[in-house]
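File shown: upload_18.pdb (PDB, C-alpha atoms).
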MODEL        1
ATOM      1  CA  MET A   1      37.059  86.762  59.461
ATOM      2  CA  ARG A   2      36.436  89.929  61.410
ATOM      3  CA  ARG A   3      38.975  92.729  61.456
ATOM      4  CA  PRO A   4      40.256  93.911  64.855
ATOM      5  CA  SER A   5      38.747  97.139  66.039
ATOM      6  CA  ASN A   6      40.772 100.336  66.551
ATOM      7  CA  ARG A   7      40.623  99.785  70.283
ATOM      8  CA  GLN A   8      42.064  96.271  69.968
ATOM      9  CA  ARG A   9      44.864  97.521  67.665
ATOM     10  CA  ARG A  10      45.797 100.255  70.155
ATOM     11  CA  LEU A  11      45.856  97.716  72.977
ATOM     12  CA  VAL A  12      48.216  95.432  70.987
ATOM     13  CA  VAL A  13      50.542  98.362  70.113
ATOM     14  CA  LEU A  14      50.535  99.557  73.732
ATOM     15  CA  THR A  15      51.309  96.025  74.979
ATOM     16  CA  LEU A  16      54.183  95.676  72.497
ATOM     17  CA  ALA A  17      55.571  99.092  73.501
ATOM     18  CA  VAL A  18      55.527  98.127  77.189
ATOM     19  CA  ILE A  19      57.280  94.818  76.418
ATOM     20  CA  VAL A  20      59.977  96.533  74.301
ATOM     21  CA  PHE A  21      60.524  99.176  77.008
ATOM     22  CA  GLY A  22      60.786  96.489  79.712
ATOM     23  CA  VAL A  23      63.311  94.434  77.739
ATOM     24  CA  ALA A  24      65.402  97.525  76.899
ATOM     25  CA  TYR A  25      65.336  98.757  80.498
ATOM     26  CA  PHE A  26      66.296  95.358  81.913
ATOM     27  CA  GLY A  27      69.084  94.914  79.360
ATOM     28  CA  GLY A  28      70.391  98.422  79.960
ATOM     29  CA  THR A  29      70.536  98.100  83.728
ATOM     30  CA  LYS A  30      71.900  94.563  83.752
ATOM     31  CA  TYR A  31      74.739  95.191  81.321
ATOM     32  CA  LYS A  32      75.412  98.802  82.207
ATOM     33  CA  LYS A  33      79.129  99.492  82.570
ATOM     34  CA  GLN A  34      80.004  99.683  86.214
ATOM     35  CA  GLU A  35      81.881 102.908  86.959
ATOM     36  CA  ARG A  36      84.723 102.685  89.382
ATOM     37  CA  PRO A  37      84.357 104.832  92.455
ATOM     38  CA  VAL A  38      86.626 107.859  92.818
ATOM     39  CA  PRO A  39      89.611 106.599  94.802
ATOM     40  CA  ASN A  40      90.137 108.006  98.264
ATOM     41  CA  ILE A  41      93.619 109.557  98.185
ATOM     42  CA  SER A  42      95.347 112.462  99.922
ATOM     43  CA  GLY A  43      96.321 114.075  96.633
ATOM     44  CA  LEU A  44      93.851 115.427  94.096
ATOM     45  CA  SER A  45      92.263 112.613  92.119
ATOM     46  CA  ILE A  46      91.318 113.772  88.614
ATOM     47  CA  HIS A  47      88.094 111.971  87.803
ATOM     48  CA  PRO A  48      87.448 111.334  85.039
ATOM     49  CA  PRO A  49      91.102 111.495  83.964
ATOM     50  CA  SER A  50      91.833 114.504  81.776
ATOM     51  CA  PRO A  51      93.969 114.704  78.627
ATOM     52  CA  LEU A  52      97.633 115.488  79.119
ATOM     53  CA  PRO A  53      98.671 118.980  77.985
ATOM     54  CA  SER A  54     100.975 118.940  74.980
ATOM     55  CA  MET A  55     104.649 118.361  75.714
ATOM     56  CA  ASP A  56     105.866 117.259  72.303
ATOM     57  CA  ASP A  57     107.585 120.567  71.460
ATOM     58  CA  MET A  58     109.886 120.459  74.489
ATOM     59  CA  ASP A  59     113.182 119.926  72.746
ATOM     60  CA  ASP A  60     114.138 119.604  69.094
ATOM     61  CA  LYS A  61     117.022 117.283  70.030
ATOM     62  CA  ALA A  62     115.149 115.061  72.505
ATOM     63  CA  PRO A  63     111.389 115.599  72.406
ATOM     64  CA  LEU A  64     109.146 113.811  74.849
ATOM     65  CA  GLU A  65     107.440 111.330  72.605
ATOM     66  CA  GLN A  66     103.912 110.263  73.455
ATOM     67  CA  SER A  67     105.068 106.667  72.929
ATOM     68  CA  MET A  68     107.178 107.040  76.106
ATOM     69  CA  LEU A  69     103.939 107.460  78.050
ATOM     70  CA  HIS A  70     101.876 104.639  76.538
ATOM     71  CA  ASP A  71     101.341 101.385  78.421
ATOM     72  CA  ARG A  72     102.963 102.583  81.646
ATOM     73  CA  TRP A  73     102.297 104.906  84.528
ATOM     74  CA  SER A  74     104.435 108.039  84.722
ATOM     75  CA  LEU A  75     105.105 110.477  87.530
ATOM     76  CA  LEU A  76     105.953 113.881  86.080
ATOM     77  CA  VAL A  77     107.664 116.503  88.249
ATOM     78  CA  LEU A  78     107.625 120.112  87.091
ATOM     79  CA  ASP A  79     110.345 121.708  89.211
ATOM     80  CA  PRO A  80     110.406 125.543  89.314
ATOM     81  CA  HIS A  81     113.411 125.570  91.708
ATOM     82  CA  ARG A  82     116.172 127.925  90.657
ATOM     83  CA  GLY A  83     119.599 128.156  92.154
ATOM     84  CA  GLU A  84     122.619 126.108  93.087
ATOM     85  CA  ALA A  85     121.129 124.372  96.139
ATOM     86  CA  ARG A  86     119.732 120.874  95.847
ATOM     87  CA  SER A  87     116.153 120.903  94.600
ATOM     88  CA  PRO A  88     113.504 119.815  97.146
ATOM     89  CA  ALA A  89     111.377 118.457  94.271
ATOM     90  CA  LEU A  90     114.162 116.149  93.095
ATOM     91  CA  VAL A  91     114.742 114.927  96.660
ATOM     92  CA  ARG A  92     111.004 114.268  96.985
ATOM     93  CA  LEU A  93     110.951 112.358  93.685
ATOM     94  CA  LEU A  94     113.796 110.133  94.872
ATOM     95  CA  GLN A  95     112.033 109.570  98.204
ATOM     96  CA  ILE A  96     108.873 108.469  96.364
ATOM     97  CA  HIS A  97     110.966 106.122  94.239
ATOM     98  CA  ASN A  98     112.571 104.656  97.353
ATOM     99  CA  ARG A  99     109.195 104.206  99.084
ATOM    100  CA  LEU A 100     107.897 102.256  96.089
ATOM    101  CA  ALA A 101     111.043 100.109  95.939
ATOM    102  CA  ILE A 102     109.420  97.597  98.291
ATOM    103  CA  SER A 103     107.150  96.607  95.409
ATOM    104  CA  PRO A 104     109.231  95.626  92.348
ATOM    105  CA  GLU A 105     105.991  95.128  90.390
ATOM    106  CA  LEU A 106     105.020  98.772  90.922
ATOM    107  CA  GLN A 107     108.549  99.955  90.192
ATOM    108  CA  ARG A 108     108.379  98.275  86.779
ATOM    109  CA  GLN A 109     105.070  99.972  86.004
ATOM    110  CA  LEU A 110     106.142 103.500  86.967
ATOM    111  CA  HIS A 111     108.328 105.848  84.939
ATOM    112  CA  TYR A 112     109.722 109.025  86.529
ATOM    113  CA  LEU A 113     109.928 112.193  84.417
ATOM    114  CA  TYR A 114     111.780 115.213  85.801
ATOM    115  CA  LEU A 115     111.555 118.650  84.167
ATOM    116  CA  PRO A 116     113.362 121.482  85.962
ATOM    117  CA  ILE A 117     112.845 125.102  84.983
ATOM    118  CA  GLN A 118     116.618 125.429  84.577
ATOM    119  CA  ALA A 119     117.068 122.365  82.427
ATOM    120  CA  ASP A 120     120.390 121.666  80.806
ATOM    121  CA  GLU A 121     122.030 118.608  79.293
ATOM    122  CA  ALA A 122     124.037 117.851  82.457
ATOM    123  CA  ILE A 123     120.841 117.612  84.549
ATOM    124  CA  GLN A 124     119.109 115.559  81.881
ATOM    125  CA  THR A 125     122.038 113.122  81.688
ATOM    126  CA  SER A 126     122.457 112.767  85.453
ATOM    127  CA  ILE A 127     118.729 112.157  86.053
ATOM    128  CA  SER A 128     118.489 109.625  83.238
ATOM    129  CA  ALA A 129     121.564 107.829  84.621
ATOM    130  CA  LEU A 130     119.884 107.200  88.007
ATOM    131  CA  ARG A 131     117.820 104.241  86.851
ATOM    132  CA  GLU A 132     116.345 103.011  83.603
ATOM    133  CA  ASN A 133     112.901 104.258  84.627
ATOM    134  CA  PHE A 134     114.095 107.869  85.174
ATOM    135  CA  THR A 135     114.103 110.419  82.380
ATOM    136  CA  GLY A 136     115.468 113.928  82.694
ATOM    137  CA  LEU A 137     113.715 116.318  80.308
ATOM    138  CA  SER A 138     115.211 119.474  78.882
ATOM    139  CA  GLY A 139     114.525 122.094  76.279
ATOM    140  CA  GLU A 140     114.767 125.759  75.454
ATOM    141  CA  HIS A 141     113.874 127.971  78.399
ATOM    142  CA  ASN A 142     110.826 129.577  76.750
ATOM    143  CA  ARG A 143     109.469 126.146  75.762
ATOM    144  CA  ILE A 144     109.909 124.847  79.301
ATOM    145  CA  GLU A 145     108.065 127.871  80.702
ATOM    146  CA  GLU A 146     105.263 127.312  78.179
ATOM    147  CA  THR A 147     104.979 123.676  79.256
ATOM    148  CA  PHE A 148     104.727 124.782  82.898
ATOM    149  CA  ARG A 149     101.914 127.182  81.969
ATOM    150  CA  ARG A 150     100.033 124.471  80.081
ATOM    151  CA  PHE A 151      99.990 122.467  83.302
ATOM    152  CA  GLY A 152      98.832 125.504  85.270
ATOM    153  CA  VAL A 153     102.174 125.955  87.059
ATOM    154  CA  ASP A 154     103.617 129.428  87.582
ATOM    155  CA  PRO A 155     107.290 129.220  86.483
ATOM    156  CA  ASP A 156     108.161 131.879  89.104
ATOM    157  CA  ASN A 157     106.667 129.856  91.966
ATOM    158  CA  GLU A 158     109.035 127.732  94.063
ATOM    159  CA  GLN A 159     106.454 125.004  94.762
ATOM    160  CA  ALA A 160     106.821 121.863  92.640
ATOM    161  CA  SER A 161     103.810 119.840  91.545
ATOM    162  CA  LEU A 162     103.757 116.174  90.641
ATOM    163  CA  TYR A 163     101.392 114.678  88.077
ATOM    164  CA  LEU A 164     100.433 111.017  87.773
ATOM    165  CA  ILE A 165      99.901 110.086  84.129
ATOM    166  CA  GLY A 166      98.144 106.834  83.297
ATOM    167  CA  PRO A 167      98.926 104.339  80.524
ATOM    168  CA  ASP A 168      96.152 106.056  78.563
ATOM    169  CA  THR A 169      98.282 109.281  78.606
ATOM    170  CA  ASN A 170      95.652 111.028  80.727
ATOM    171  CA  LEU A 171      96.242 112.839  83.999
ATOM    172  CA  HIS A 172      94.937 110.778  86.924
ATOM    173  CA  ALA A 173      96.188 112.738  89.942
ATOM    174  CA  LEU A 174      97.952 115.885  91.093
ATOM    175  CA  PHE A 175     100.171 116.006  94.165
ATOM    176  CA  THR A 176     100.982 119.330  95.770
ATOM    177  CA  PRO A 177     103.757 120.123  98.271
ATOM    178  CA  ALA A 178     101.258 119.432 101.077
ATOM    179  CA  GLU A 179     101.649 115.647 100.592
ATOM    180  CA  ASP A 180     104.839 113.981 101.759
ATOM    181  CA  ALA A 181     106.674 111.244  99.853
ATOM    182  CA  ALA A 182     105.196 108.375 101.881
ATOM    183  CA  THR A 183     101.634 109.601 101.313
ATOM    184  CA  ILE A 184     102.229 110.121  97.595
ATOM    185  CA  ALA A 185     103.723 106.632  97.265
ATOM    186  CA  GLN A 186     100.643 105.157  98.978
ATOM    187  CA  ASP A 187      98.297 107.190  96.737
ATOM    188  CA  ILE A 188     100.148 106.049  93.611
ATOM    189  CA  THR A 189      99.900 102.433  94.775
ATOM    190  CA  THR A 190      96.147 102.853  95.352
ATOM    191  CA  LEU A 191      95.554 104.436  91.932
ATOM    192  CA  ILE A 192      97.604 101.906  89.978
ATOM    193  CA  ARG A 193      96.026  98.925  91.706
ATOM    194  CA  GLN A 194      92.511 100.286  91.313
ATOM    195  CA  ASN A 195      93.034 100.842  87.572
ATOM    196  CA  GLN A 196      94.477  97.407  86.779
TER     197      GLN A 196
ENDMDL
END
Show me this structure written as structure tokens.
Amino acid sequence: MRRPSNRQRRLVVLTLAVIVFGVAYFGGTKYKKQERPVPNISGLSIHPPSPLPSMDDMDDKAPLEQSMLHDRWSLLVLDPHRGEARSPALVRLLQIHNRLAISPELQRQLHYLYLPIQADEAIQTSISALRENFTGLSGEHNRIEETFRRFGVDPDNEQASLYLIGPDTNLHALFTPAEDAATIAQDITTLIRQNQ
């Protein structure tokens, strides 16, 4: 029996390489994970979602446990409002809650977290008493200010920002004072439904 020549061996190797490449390419494109498109919302969609800044040192008595954020969507309000007058950020949070009340399914999926710069136990208790899906956060003043800074919020600014946190404990969206409650409620609905 005659041995194959070098040219024949190279042709066989080249043919096998082309076949392996074709199979790998076809398999890779056919089963490639389909990325979801960036949702079209009025707020700022964070894509891909980014890790949540640390909040676990908020309060020695009642720390925000990461387990509170797992398996549910959360809307976090960092409220820099100071003074005796009613906080616009708290009013806005309640308006968002009321807008979403038409969908009990969404209401069950969303948890509202409220952290004012002037947190005290009375505010924490009154917020948490609103509904079972509301939590008022508190802590020492310097820890609250540090949490604001971690989120990129100036504690001396009067503009409140809202953050949508996904069940994966990542930030999915940021809402500035430019968006009204109805628009934010619609954006939250869009984001939750798209990520189901």
Neighbour list for A:Ser42 as a ChimeraX atom specification, cut-off 12 Å, only C-alpha atoms, skip fewer than 3 positions in-chain: /A:39,45,173-188,190-191
Nearest to A:Arg193 by atom-to-atom distance, counting only C-alpha atoms, from A:Ser74, A:Ser5, A:Gln109, A:Thr15: A:Gln109
Matched chain/residue IDs from the PyMOL selection byres ((chain A and resi 69-73) around 12), as a ChimeraX atom specification: /A:52,55-56,64-68,74-76,105-113,133,135,163-173,188-189,191-193,195-196
Spatial neighbours of stretch 79-91 of chain A, 12 Å, only C-alpha atoms, chain gap at least 6 places, as number ranges by chain: A: 97-98, 112-119, 123, 126-127, 130, 134, 136-138, 141, 144-145, 147-149, 151, 153-163, 175-177, 179-181
Between atom CA of A:Leu78 and atom CA of A:Leu93 - distance in Å to one decimal: 10.7 Å
One-decimal distance in Å that lies between atom CA of A:Arg92 and atom CA of A:Asn40: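 Separation of atom CA of A:Asn40 and atom CA of A:Arg92: 21.8 Å.
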Pairwise distance for atom CA of A:Val77 and atom CA of A:Glu146, rounded to one decimal in Å: 15.0 Å
